[in-house]
$ cat data.txt   # compact mmCIF, C-alpha atoms
# COMPACT_ATOMS: atom_id res chain seq x y z
CA MET A 1078 77.59 129.30 93.80
CA PRO A 1079 80.14 126.69 94.97
CA THR A 1080 79.84 123.18 93.62
CA ARG A 1081 78.16 120.78 96.05
CA PHE A 1082 79.10 117.14 95.95
CA ARG A 1083 78.98 113.95 98.03
CA SER A 1084 80.19 110.37 97.85
CA VAL A 1085 77.79 107.87 96.33
CA LEU A 1086 76.74 104.64 98.05
CA PRO A 1087 76.72 101.37 96.10
CA CYS A 1088 73.44 100.99 94.24
CA GLY A 1089 70.73 99.05 96.03
CA TYR A 1090 72.23 99.22 99.53
CA LEU A 1091 69.79 99.74 102.39
CA PRO A 1092 71.72 99.38 105.67
CA TYR A 1093 68.75 99.49 108.00
CA SER A 1094 65.62 100.99 106.44
CA PRO A 1095 64.86 103.71 103.87
CA ILE A 1096 64.18 106.22 106.64
CA LEU A 1097 67.41 105.44 108.46
CA LEU A 1098 69.34 105.47 105.18
CA ALA A 1099 68.06 108.96 104.42
CA ALA A 1100 69.03 110.12 107.89
CA TRP A 1101 72.44 108.48 107.58
CA LEU A 1102 73.14 110.15 104.24
CA CYS A 1103 71.96 113.50 105.62
CA THR A 1104 74.36 113.12 108.54
CA LEU A 1105 77.28 112.36 106.20
CA ILE A 1106 76.51 115.32 103.95
CA THR A 1107 75.87 117.96 106.59
CA CYS A 1108 78.13 116.72 109.41
CA PRO A 1109 80.95 114.63 107.95
CA SER A 1110 82.83 114.55 111.26
CA THR A 1111 79.92 112.94 113.15
CA ARG A 1112 80.74 109.44 114.44
CA LEU A 1113 77.89 106.95 114.20
CA LEU A 1114 77.91 104.35 116.94
CA GLN A 1115 76.04 101.46 115.32
CA ALA A 1116 77.66 98.63 113.43
CA GLU A 1117 78.10 98.96 109.70
CA ASP A 1118 78.54 96.79 106.65
CA TRP A 1119 81.80 97.04 104.72
CA LEU A 1120 80.57 96.98 101.12
CA GLN A 1121 83.53 97.82 98.88
CA PHE A 1122 87.21 98.75 98.84
CA ARG A 1123 87.75 101.16 101.75
CA GLY A 1124 84.32 100.72 103.31
CA THR A 1125 80.70 101.69 102.90
CA ILE A 1126 81.34 104.87 100.89
CA GLY A 1127 84.93 104.09 99.92
CA ASP A 1128 86.64 106.73 102.08
CA GLY A 1129 88.56 104.41 104.40
CA GLU A 1130 86.61 105.49 107.49
CA SER A 1131 84.62 103.33 109.87
CA ARG A 1132 81.73 104.90 111.75
CA VAL A 1133 82.38 102.47 114.63
CA VAL A 1134 84.40 104.27 117.27
CA ASP A 1135 85.55 101.54 119.67
CA LEU A 1136 87.63 99.18 117.54
CA PRO A 1137 90.46 97.10 119.08
CA THR A 1138 93.77 98.83 119.74
CA SER A 1139 95.76 95.90 121.17
CA TRP A 1140 96.44 92.44 119.70
CA SER A 1141 99.09 89.95 118.60
CA ALA A 1142 99.13 86.67 116.67
CA THR A 1143 98.02 84.88 119.87
CA GLU A 1144 96.02 87.52 121.76
CA HIS A 1145 92.65 89.12 120.99
CA ILE A 1146 92.14 86.92 117.93
CA LYS A 1147 88.58 85.65 117.67
CA TRP A 1148 89.55 83.33 114.81
CA ARG A 1149 91.87 82.88 111.85
CA CYS A 1150 90.54 81.35 108.65
CA GLU A 1151 93.07 79.71 106.34
CA LEU A 1152 92.11 80.61 102.78
CA PRO A 1153 92.89 78.57 99.68
CA GLY A 1154 95.14 80.06 97.02
CA GLU A 1155 96.37 83.62 97.04
CA GLY A 1156 94.85 87.09 96.86
CA TRP A 1157 95.23 90.62 98.14
CA SER A 1158 91.61 91.73 97.69
CA SER A 1159 90.30 93.33 100.87
CA PRO A 1160 87.41 91.72 102.78
CA THR A 1161 83.88 92.99 102.26
CA VAL A 1162 81.09 92.35 104.76
CA LEU A 1163 77.32 92.10 104.77
CA GLY A 1164 75.63 90.82 107.91
CA ASN A 1165 77.24 87.56 109.01
CA ARG A 1166 79.07 86.90 105.73
CA ILE A 1167 82.55 87.96 104.68
CA TYR A 1168 83.53 87.91 101.00
CA VAL A 1169 86.99 87.89 99.39
CA SER A 1170 88.31 86.81 96.01
CA ALA A 1171 91.15 84.34 95.50
CA ALA A 1172 93.29 82.79 92.77
CA ILE A 1173 93.65 79.09 93.57
CA PRO A 1174 96.18 76.90 91.73
CA THR A 1175 94.37 73.93 90.20
CA SER A 1176 97.32 71.83 91.36
CA GLU A 1177 98.04 72.87 94.94
CA PRO A 1178 101.71 72.64 96.07
CA ALA A 1179 102.52 69.61 98.20
CA ALA A 1180 103.65 71.58 101.26
CA ALA A 1181 101.45 74.16 102.92
CA ASP A 1182 104.19 76.79 102.78
CA SER A 1183 105.14 76.12 99.16
CA LYS A 1184 104.42 78.70 96.50
CA ALA A 1185 102.67 77.59 93.33
CA PRO A 1186 104.65 78.22 90.14
CA ALA A 1187 103.82 81.51 88.44
CA SER A 1188 102.78 79.58 85.34
CA SER A 1189 100.15 77.47 87.13
CA GLU A 1190 96.58 77.39 85.93
CA ARG A 1191 94.33 78.97 88.54
CA GLU A 1192 90.71 78.94 89.57
CA LEU A 1193 89.49 82.51 90.09
CA ALA A 1194 86.94 82.29 92.86
CA LEU A 1195 84.74 84.13 95.32
CA LEU A 1196 85.15 82.89 98.90
CA MET A 1197 82.49 83.23 101.59
CA ILE A 1198 83.38 83.05 105.28
CA ASP A 1199 81.03 82.72 108.24
CA ALA A 1200 81.73 85.75 110.43
CA THR A 1201 80.87 84.00 113.70
CA SER A 1202 82.91 80.83 113.33
CA GLY A 1203 85.55 81.93 110.84
CA LYS A 1204 84.83 78.88 108.70
CA LEU A 1205 85.03 78.94 104.91
CA VAL A 1206 81.47 78.05 103.94
CA GLN A 1207 81.48 78.42 100.16
CA ARG A 1208 83.87 78.63 97.21
CA VAL A 1209 82.40 79.83 93.95
CA LYS A 1210 84.45 79.27 90.80
CA LEU A 1211 84.02 82.20 88.42
CA PHE A 1212 86.81 81.88 85.84
CA THR A 1213 89.79 79.72 84.94
CA GLN A 1214 93.05 81.57 84.54
CA PRO A 1215 95.24 79.85 81.94
CA ALA A 1216 98.83 79.00 82.76
CA ALA A 1217 100.07 81.39 80.06
CA THR A 1218 98.73 84.49 81.86
CA PRO A 1219 101.19 87.47 81.85
CA LYS A 1220 103.43 87.79 84.90
CA ILE A 1221 102.41 89.91 87.86
CA HIS A 1222 104.41 92.18 90.14
CA SER A 1223 105.91 90.54 93.24
CA LYS A 1224 103.64 92.70 95.43
CA ASN A 1225 100.52 91.90 93.43
CA SER A 1226 98.25 88.86 93.22
CA HIS A 1227 95.94 87.41 90.59
CA ALA A 1228 93.03 88.40 92.86
CA SER A 1229 93.73 91.95 94.06
CA PRO A 1230 90.52 93.89 93.17
CA THR A 1231 88.01 93.98 96.05
CA PRO A 1232 84.43 92.64 95.58
CA ILE A 1233 81.49 95.04 95.79
CA ILE A 1234 78.27 94.21 97.65
CA ALA A 1235 75.10 95.99 96.50
CA GLY A 1236 71.66 94.88 97.61
CA ASP A 1237 71.39 91.15 96.94
CA ARG A 1238 74.35 91.02 94.53
CA ILE A 1239 78.12 90.74 94.63
CA TYR A 1240 80.37 92.01 91.84
CA VAL A 1241 83.77 90.34 91.53
CA HIS A 1242 86.46 91.73 89.23
CA PHE A 1243 89.68 90.11 88.02
CA GLY A 1244 90.83 92.84 85.62
CA HIS A 1245 91.77 91.50 82.19
CA LEU A 1246 90.68 88.00 83.25
CA GLY A 1247 87.00 88.81 83.70
CA THR A 1248 84.20 90.30 85.79
CA ALA A 1249 81.24 88.45 87.31
CA CYS A 1250 78.07 89.04 89.32
CA THR A 1251 76.60 86.56 91.81
CA THR A 1252 73.83 86.45 94.35
CA LEU A 1253 74.72 86.62 98.04
CA ASP A 1254 74.63 82.81 98.19
CA GLY A 1255 76.95 82.40 95.22
CA LYS A 1256 74.64 81.78 92.28
CA ILE A 1257 76.24 83.24 89.15
CA ILE A 1258 74.00 85.82 87.47
CA TRP A 1259 76.41 86.80 84.70
CA SER A 1260 80.09 86.73 83.80
CA ASN A 1261 82.09 88.60 81.17
CA ASP A 1262 85.59 87.53 80.14
CA LYS A 1263 85.52 89.18 76.69
CA LEU A 1264 87.30 92.41 77.68
CA SER A 1265 90.87 91.18 77.75
CA TYR A 1266 93.79 93.56 77.30
CA ALA A 1267 97.56 93.47 77.77
CA PRO A 1268 98.25 94.23 81.44
CA VAL A 1269 101.48 95.31 83.10
CA HIS A 1270 102.17 93.78 86.55
CA GLY A 1271 98.70 92.15 86.63
CA ASN A 1272 95.40 93.49 87.98
CA GLY A 1273 94.91 95.96 90.79
CA GLY A 1274 92.12 98.54 90.69
CA SER A 1275 88.64 97.70 91.95
CA PRO A 1276 85.49 98.82 90.09
CA ALA A 1277 83.02 101.42 91.28
CA LEU A 1278 79.26 100.91 91.16
CA VAL A 1279 76.86 103.78 90.48
CA GLY A 1280 73.28 103.31 89.39
CA LYS A 1281 73.26 100.47 86.86
CA SER A 1282 76.91 100.97 85.87
CA LEU A 1283 79.93 99.00 87.03
CA ILE A 1284 82.87 101.22 86.08
CA PHE A 1285 86.58 100.42 85.92
CA SER A 1286 89.71 101.31 83.96
CA GLN A 1287 91.74 99.21 81.56
CA ASP A 1288 95.07 101.00 81.84
CA GLY A 1289 97.46 98.40 80.45
CA SER A 1290 100.55 98.41 78.25
CA GLU A 1291 98.68 99.74 75.22
CA LYS A 1292 96.03 102.46 74.93
CA GLY A 1293 94.04 102.85 78.14
CA LYS A 1294 90.27 103.08 78.37
CA VAL A 1295 87.47 103.33 80.92
CA ILE A 1296 84.57 100.88 80.68
CA ALA A 1297 81.08 100.72 82.17
CA LEU A 1298 79.26 97.39 82.32
CA ASN A 1299 75.53 97.03 82.79
CA ALA A 1300 75.28 95.83 86.38
CA ASP A 1301 72.23 93.69 85.53
CA THR A 1302 73.61 91.90 82.48
CA GLY A 1303 77.39 92.40 82.29
CA ASP A 1304 77.10 93.94 78.81
CA VAL A 1305 79.19 96.98 77.89
CA MET A 1306 77.19 100.20 78.35
CA TRP A 1307 79.95 102.54 77.25
CA GLU A 1308 83.70 102.69 76.84
CA VAL A 1309 85.91 105.71 76.32
CA PRO A 1310 89.62 105.89 75.47
CA ARG A 1311 92.17 107.62 77.67
CA GLU A 1312 93.03 110.42 75.24
CA VAL A 1313 96.39 111.35 76.69
CA GLU A 1314 100.01 110.88 75.69
CA ALA A 1315 102.03 108.79 78.15
CA THR A 1316 105.22 106.80 77.72
CA LYS A 1317 104.06 104.28 80.33
CA LYS A 1318 100.31 103.80 80.08
CA PHE A 1319 99.63 101.32 82.90
CA SER A 1320 97.81 102.29 86.12
CA PHE A 1321 95.68 100.54 88.75
CA CYS A 1322 93.36 103.13 90.28
CA THR A 1323 89.94 102.54 91.84
CA PRO A 1324 87.42 105.24 90.81
CA LEU A 1325 85.80 107.66 93.22
CA VAL A 1326 82.15 108.41 92.44
CA LEU A 1327 80.73 111.78 93.45
CA GLU A 1328 77.37 113.40 92.94
CA SER A 1329 77.80 117.02 91.90
CA ASN A 1330 74.72 119.19 91.33
CA GLY A 1331 72.64 116.08 90.62
CA GLN A 1332 75.16 114.53 88.22
CA ALA A 1333 77.10 111.38 89.13
CA GLN A 1334 80.77 111.78 88.20
CA VAL A 1335 83.57 109.22 88.12
CA ILE A 1336 86.92 110.63 89.26
CA LEU A 1337 89.55 108.30 87.83
CA PRO A 1338 93.30 109.00 87.69
CA GLY A 1339 95.51 107.22 85.17
CA SER A 1340 98.86 107.77 83.54
CA ASN A 1341 99.48 111.53 83.08
CA VAL A 1342 95.84 112.52 83.66
CA VAL A 1343 92.93 112.48 86.09
CA GLN A 1344 89.51 112.68 84.46
CA SER A 1345 86.05 113.40 85.72
CA LEU A 1346 83.61 111.40 83.59
CA ASP A 1347 79.83 111.47 83.42
CA ALA A 1348 78.91 108.12 85.01
CA ALA A 1349 75.92 107.72 82.69
CA THR A 1350 77.75 108.23 79.38
CA GLY A 1351 81.50 108.26 79.98
CA LYS A 1352 81.75 111.77 78.51
CA GLU A 1353 84.64 113.72 79.96
CA ILE A 1354 83.63 116.66 82.16
CA TRP A 1355 87.07 117.90 83.18
CA ARG A 1356 90.68 116.79 83.38
CA VAL A 1357 93.91 117.74 85.12
CA ARG A 1358 97.26 116.84 83.56
CA TYR A 1359 100.43 115.77 85.37
CA GLU A 1360 103.41 113.48 84.92
CA GLY A 1361 102.98 110.03 86.47
CA TYR A 1362 102.12 106.41 85.81
CA SER A 1363 101.26 103.23 87.72
CA VAL A 1364 98.75 105.31 89.70
CA ILE A 1365 97.20 103.33 92.56
CA PRO A 1366 95.71 105.43 95.46
CA ARG A 1367 91.96 105.96 95.30
CA PRO A 1368 90.98 109.66 95.24
CA ILE A 1369 89.22 111.18 98.24
CA VAL A 1370 87.48 114.45 99.06
CA ALA A 1371 89.00 116.54 101.86
CA GLY A 1372 88.41 120.16 102.81
CA GLY A 1373 86.11 120.62 99.82
CA LEU A 1374 88.88 119.52 97.43
CA ILE A 1375 89.46 116.37 95.41
CA MET A 1376 92.79 114.77 96.38
CA ILE A 1377 94.70 112.58 93.93
CA CYS A 1378 98.21 111.07 93.86
CA THR A 1379 100.13 110.82 90.60
CA GLY A 1380 102.05 107.54 90.97
CA TYR A 1381 105.59 106.86 89.76
CA ASP A 1382 108.32 107.90 89.54
CA ARG A 1383 108.02 110.56 92.26
CA PRO A 1384 104.40 110.96 93.35
CA THR A 1385 102.73 114.35 93.70
CA LEU A 1386 99.64 114.99 95.80
CA ILE A 1387 97.34 117.35 93.88
CA ALA A 1388 94.36 119.13 95.46
CA ILE A 1389 91.73 120.01 92.85
CA ARG A 1390 88.78 122.37 93.18
CA PRO A 1391 85.66 120.61 91.87
CA GLY A 1392 83.74 121.96 88.92
CA GLY A 1393 84.83 123.38 85.64
CA GLN A 1394 84.81 122.02 82.10
CA GLY A 1395 87.57 120.71 79.88
CA ASP A 1396 91.24 121.01 80.81
CA VAL A 1397 91.27 122.73 84.22
CA THR A 1398 94.94 122.13 85.03
CA ASP A 1399 95.76 125.83 85.07
CA THR A 1400 92.60 127.00 86.85
CA HIS A 1401 91.45 124.40 89.39
CA VAL A 1402 94.60 123.07 91.09
CA ALA A 1403 94.49 124.57 94.59
CA TRP A 1404 97.85 123.25 95.81
CA GLN A 1405 100.26 120.36 95.41
CA THR A 1406 103.14 118.72 97.25
CA LYS A 1407 105.72 116.00 96.72
CA THR A 1408 106.63 115.51 100.39
CA GLY A 1409 105.75 112.12 101.90
CA VAL A 1410 103.26 111.25 99.14
CA PRO A 1411 102.42 107.52 98.74
CA HIS A 1412 102.75 105.46 95.60
CA THR A 1413 100.27 102.84 96.86
CA PRO A 1414 98.23 103.58 100.04
CA SER A 1415 95.17 105.83 99.71
CA LEU A 1416 94.58 108.89 101.90
CA ASN A 1417 92.26 109.65 104.82
CA THR A 1418 90.59 112.82 106.03
CA ARG A 1419 88.98 114.09 109.21
CA ASP A 1420 87.82 117.57 110.28
CA GLY A 1421 89.73 119.44 107.58
CA LEU A 1422 92.88 117.36 108.05
CA LEU A 1423 94.52 115.06 105.52
CA PHE A 1424 96.45 111.95 106.59
CA MET A 1425 98.75 109.75 104.53
CA VAL A 1426 101.52 107.19 104.85
CA SER A 1427 104.19 106.71 102.22
CA ASP A 1428 105.24 103.29 100.96
CA SER A 1429 108.47 103.68 102.94
CA GLY A 1430 106.69 104.28 106.26
CA ILE A 1431 106.56 108.07 106.66
CA ALA A 1432 103.21 109.21 108.06
CA SER A 1433 102.11 112.82 107.81
CA CYS A 1434 99.22 115.19 108.44
CA LEU A 1435 98.36 118.24 106.33
CA GLU A 1436 95.74 120.96 106.38
CA ALA A 1437 93.43 119.88 103.57
CA ALA A 1438 92.53 123.39 102.48
CA THR A 1439 96.09 124.67 102.14
CA GLY A 1440 98.48 121.70 102.08
CA LYS A 1441 100.33 123.04 105.13
CA GLU A 1442 102.25 120.25 106.85
CA LEU A 1443 101.32 119.84 110.52
CA TRP A 1444 103.44 116.80 111.36
CA LYS A 1445 105.56 114.12 109.72
CA GLU A 1446 106.92 111.02 111.47
CA ARG A 1447 108.80 107.92 110.37
CA ILE A 1448 106.91 104.96 111.81
CA GLY A 1449 108.92 102.22 110.11
CA GLY A 1450 108.05 99.39 107.77
CA ASN A 1451 106.82 99.26 104.19
CA PHE A 1452 103.23 100.05 103.24
CA SER A 1453 100.81 98.95 100.54
CA ALA A 1454 97.52 98.71 102.48
CA SER A 1455 95.44 101.87 102.76
CA PRO A 1456 94.99 103.26 106.30
CA LEU A 1457 91.77 102.86 108.27
CA LEU A 1458 90.26 105.76 110.22
CA ALA A 1459 87.98 104.89 113.15
CA GLY A 1460 86.96 107.11 116.04
CA ASP A 1461 89.97 109.27 116.78
CA ASN A 1462 92.47 106.65 115.62
CA LEU A 1463 94.29 106.04 112.36
CA TYR A 1464 95.33 102.41 111.73
CA LEU A 1465 98.46 101.98 109.59
CA LEU A 1466 99.02 98.36 108.51
CA SER A 1467 102.47 97.56 107.13
CA GLU A 1468 103.49 94.84 104.68
CA GLU A 1469 105.26 93.12 107.57
CA GLY A 1470 101.97 92.75 109.46
CA ASP A 1471 102.61 95.51 112.01
CA THR A 1472 99.78 97.94 112.76
CA THR A 1473 100.78 101.33 114.13
CA ILE A 1474 97.85 103.27 115.58
CA VAL A 1475 98.16 107.05 115.82
CA LYS A 1476 95.79 109.82 116.77
CA ALA A 1477 93.98 111.46 113.86
CA ASP A 1478 94.82 114.92 115.15
CA ARG A 1479 96.85 118.03 114.45
CA THR A 1480 99.67 116.77 116.67
CA PHE A 1481 101.35 113.37 116.40
CA LYS A 1482 100.66 110.81 119.11
CA GLN A 1483 101.24 107.07 118.80
CA VAL A 1484 98.55 105.02 120.54
CA ALA A 1485 99.81 101.46 120.03
CA ARG A 1486 101.80 99.12 117.83
CA ASN A 1487 100.63 95.56 117.23
CA ARG A 1488 102.27 92.69 115.37
CA LEU A 1489 100.85 89.68 113.53
CA GLU A 1490 104.22 88.64 112.06
CA ASP A 1491 102.53 87.74 108.77
CA ARG A 1492 102.89 89.53 105.44
CA THR A 1493 99.91 91.56 104.29
CA LEU A 1494 99.17 93.97 101.44
CA ALA A 1495 95.37 94.07 101.77
CA SER A 1496 93.55 96.94 103.48
CA MET A 1497 91.69 96.35 106.75
CA ALA A 1498 87.93 95.96 107.00
CA VAL A 1499 85.50 96.36 109.90
CA ILE A 1500 82.85 93.96 111.14
CA ASP A 1501 80.70 94.85 114.16
CA ARG A 1502 83.34 96.24 116.56
CA ASP A 1503 86.14 94.03 115.26
CA LEU A 1504 88.85 94.29 112.61
CA LEU A 1505 89.43 92.00 109.65
CA ILE A 1506 93.01 91.61 108.42
CA ARG A 1507 93.88 89.51 105.39
CA SER A 1508 97.43 88.18 105.47
CA LYS A 1509 99.45 85.66 103.53
CA SER A 1510 98.33 82.85 105.85
CA GLY A 1511 94.63 83.70 105.95
CA LEU A 1512 91.96 86.01 107.33
CA TRP A 1513 92.10 87.20 110.94
CA ARG A 1514 89.26 88.58 113.06
CA VAL A 1515 90.72 90.84 115.74
CA THR A 1516 88.54 91.56 118.75
CA LYS A 1517 88.83 93.32 122.10

$ encode --input "data.txt" --output "structure tokens"
Amino acid sequence: MPTRFRSVLPCGYLPYSPILLAAWLCTLITCPSTRLLQAEDWLQFRGTIGDGESRVVDLPTSWSATEHIKWRCELPGEGWSSPTVLGNRIYVSAAIPTSEPAAADSKAPASSERELALLMIDATSGKLVQRVKLFTQPAATPKIHSKNSHASPTPIIAGDRIYVHFGHLGTACTTLDGKIIWSNDKLSYAPVHGNGGSPALVGKSLIFSQDGSEKGKVIALNADTGDVMWEVPREVEATKKFSFCTPLVLESNGQAQVILPGSNVVQSLDAATGKEIWRVRYEGYSVIPRPIVAGGLIMICTGYDRPTLIAIRPGGQGDVTDTHVAWQTKTGVPHTPSLNTRDGLLFMVSDSGIASCLEAATGKELWKERIGGNFSASPLLAGDNLYLLSEEGDTTIVKADRTFKQVARNRLEDRTLASMAVIDRDLLIRSKSGLWRVTK
């Protein structure tokens, strides 16, 4: 029998009621193309189930820096974590220099000490209502990449808790109103280019990778206490060991699995124990895109130097490189943005601004278009539209279809590397200057 699997919601999340949650999950499992019309909460990197799709169909398609902006909130410090949303609160992380530069447009020295904080914004007014200090980053922290920040991982909301991750600098858990429940800054390692990947939450485990300059590992913290539940080494040979991937959690035949690419390998790990279930080998490092499921296959990108998109049949045990790779391609594959899927189609945009659509089952290319710009943010899929947000602040909207059609192009004229989020029927865009709420 074929392996059956589904994406796993963050633990403890009840969007409306237990009955509605069951119905909602049933709809996702049996009819993944169904569009739900009600508002949703945006609970983690890439949305409620981490697939980059909003179930709200009528999001804005036209805006500028002065039009269709409900508000813009200027945020302290820097950070490229994406917004997460629960009810009327928006949460982002930030790294705030303890000595702010004198001019508003000045950049703090790379060696500055920083406060690593959780920021809470009122969704109605756009006002910053709370700033929760979680850690202090010493001035001697290793340098980061020019396209990274000291606060790039996205917070996770689960029930009445928020989990905030700063990679080698620490992980913390707070209540929704900012009371610190636990913090753990004892898991330091030698990073390359800083932090990047967000954790994944499944059951009582908060799972993330530590793929730095030395031997990589995957760690699970107890979500209630912050203590280490398990840690497993990345048993693979790689010249460059650093990667920044956010795990995908799937339930397969009743077993929760963590799908987590790293340098030269993607592993499926038992979420309860960390034991490896299967692996696929490749050549690549600095892996960033989060895996997705499309056309019954697990899709991963292999990072630098030239990325390959690999479609993997689920199931199997051990090294399944020679038996479970359905197809692969090197054409138009991103180094940084994650992928999207709809109705058996696979959509992606490369870092250099080439968008493409493939048949998920076969890898057949249906269209490829240069849309211009540079891309780090992962695309957002909503209704029939795919939102492609460039580093320059331009959003190109195209139809999520078998033929290419551009719907609109909108400009904020403000640098952004963070992925979009959805609140009610509006968009949230984090840029260098702050957080924007785009409305119709």

$ residues_around --input "data.txt" --residues "stretch 1456-1471 of chain A" --least-positions-apart "2" --cutoff "6 Å" --atoms "all atoms listed in the file" --output "JSON, numbers by chain"
{"A": [1129, 1130, 1131, 1134, 1450, 1451, 1452, 1473, 1474, 1475, 1476, 1477, 1487, 1488, 1489, 1490, 1491, 1492, 1493, 1494]}

$ residues_around --input "data.txt" --residues "A:Thr1302" --least-positions-apart "5" --cutoff "9 Å" --atoms "all atoms listed in the file" --output "list in words"
Cys1250, Ile1258, Trp1259 and Ser1260 of chain A

$ residues_around --input "data.txt" --residues "A:Thr1385" --least-positions-apart "2" --cutoff "8 Å" --atoms "all atoms listed in the file" --output "list in words"
Cys1378, Thr1379, Gly1380, Arg1383, Ile1387, Gln1405, Thr1406, Lys1407, Thr1408 and Val1410 of chain A

$ closest_residue --input "data.txt" --among "A:Pro1219, A:Pro1268, A:Gly1440, A:Gly1339" --to "A:Glu1312" --atoms "all atoms listed in the file"
A:Gly1339

$ atom_distance --input "data.txt" --atom1 "atom CA of A:Ile1198" --atom2 "atom CA of A:Pro1276"
22.0 Å

$ decode --input "data.txt" --residues "stretch 1350-1367 of chain A" --atoms "N, CA and C atoms" --output "PDB file, in the first residue's frame"
ATOM      1  N   THR A1350      12.351  10.367  18.722  1.00  0.00           N
ATOM      2  CA  THR A1350      13.649   9.864  19.190  1.00  0.00           C
ATOM      3  C   THR A1350      14.856  10.438  18.451  1.00  0.00           C
ATOM      4  N   GLY A1351      14.642  10.996  17.262  1.00  0.00           N
ATOM      5  CA  GLY A1351      15.742  11.449  16.436  1.00  0.00           C
ATOM      6  C   GLY A1351      16.364  10.348  15.594  1.00  0.00           C
ATOM      7  N   LYS A1352      15.897   9.128  15.719  1.00  0.00           N
ATOM      8  CA  LYS A1352      16.456   8.016  14.945  1.00  0.00           C
ATOM      9  C   LYS A1352      16.190   8.225  13.457  1.00  0.00           C
ATOM     10  N   GLU A1353      17.223   8.003  12.663  1.00  0.00           N
ATOM     11  CA  GLU A1353      17.066   8.175  11.221  1.00  0.00           C
ATOM     12  C   GLU A1353      16.191   7.072  10.639  1.00  0.00           C
ATOM     13  N   ILE A1354      15.228   7.480   9.787  1.00  0.00           N
ATOM     14  CA  ILE A1354      14.358   6.540   9.099  1.00  0.00           C
ATOM     15  C   ILE A1354      14.897   6.291   7.692  1.00  0.00           C
ATOM     16  N   TRP A1355      15.144   7.382   6.961  1.00  0.00           N
ATOM     17  CA  TRP A1355      15.746   7.253   5.637  1.00  0.00           C
ATOM     18  C   TRP A1355      16.574   8.479   5.332  1.00  0.00           C
ATOM     19  N   ARG A1356      17.397   8.370   4.297  1.00  0.00           N
ATOM     20  CA  ARG A1356      18.199   9.503   3.840  1.00  0.00           C
ATOM     21  C   ARG A1356      18.382   9.434   2.335  1.00  0.00           C
ATOM     22  N   VAL A1357      18.593  10.613   1.749  1.00  0.00           N
ATOM     23  CA  VAL A1357      18.977  10.725   0.338  1.00  0.00           C
ATOM     24  C   VAL A1357      20.216  11.602   0.280  1.00  0.00           C
ATOM     25  N   ARG A1358      21.231  11.132  -0.435  1.00  0.00           N
ATOM     26  CA  ARG A1358      22.494  11.855  -0.563  1.00  0.00           C
ATOM     27  C   ARG A1358      22.490  12.746  -1.809  1.00  0.00           C
ATOM     28  N   TYR A1359      23.260  13.817  -1.743  1.00  0.00           N
ATOM     29  CA  TYR A1359      23.468  14.706  -2.886  1.00  0.00           C
ATOM     30  C   TYR A1359      24.716  15.526  -2.613  1.00  0.00           C
ATOM     31  N   GLU A1360      25.051  16.441  -3.507  1.00  0.00           N
ATOM     32  CA  GLU A1360      26.143  17.364  -3.272  1.00  0.00           C
ATOM     33  C   GLU A1360      25.570  18.772  -3.137  1.00  0.00           C
ATOM     34  N   GLY A1361      25.760  19.382  -1.970  1.00  0.00           N
ATOM     35  CA  GLY A1361      25.234  20.725  -1.738  1.00  0.00           C
ATOM     36  C   GLY A1361      25.456  21.148  -0.305  1.00  0.00           C
ATOM     37  N   TYR A1362      25.475  22.439  -0.087  1.00  0.00           N
ATOM     38  CA  TYR A1362      25.667  22.996   1.255  1.00  0.00           C
ATOM     39  C   TYR A1362      24.932  24.333   1.333  1.00  0.00           C
ATOM     40  N   SER A1363      24.924  24.939   2.508  1.00  0.00           N
ATOM     41  CA  SER A1363      24.171  26.176   2.737  1.00  0.00           C
ATOM     42  C   SER A1363      22.739  26.021   2.241  1.00  0.00           C
ATOM     43  N   VAL A1364      22.104  24.915   2.632  1.00  0.00           N
ATOM     44  CA  VAL A1364      20.738  24.601   2.191  1.00  0.00           C
ATOM     45  C   VAL A1364      19.760  25.446   3.000  1.00  0.00           C
ATOM     46  N   ILE A1365      18.829  26.116   2.311  1.00  0.00           N
ATOM     47  CA  ILE A1365      17.911  27.035   2.965  1.00  0.00           C
ATOM     48  C   ILE A1365      16.436  26.687   2.748  1.00  0.00           C
ATOM     49  N   PRO A1366      15.945  26.409   1.518  1.00  0.00           N
ATOM     50  CA  PRO A1366      14.504  26.242   1.301  1.00  0.00           C
ATOM     51  C   PRO A1366      13.894  25.140   2.166  1.00  0.00           C
ATOM     52  N   ARG A1367      12.731  25.434   2.719  1.00  0.00           N
ATOM     53  CA  ARG A1367      12.011  24.427   3.509  1.00  0.00           C
ATOM     54  C   ARG A1367      11.389  23.398   2.573  1.00  0.00           C
TER      55      ARG A1367
END
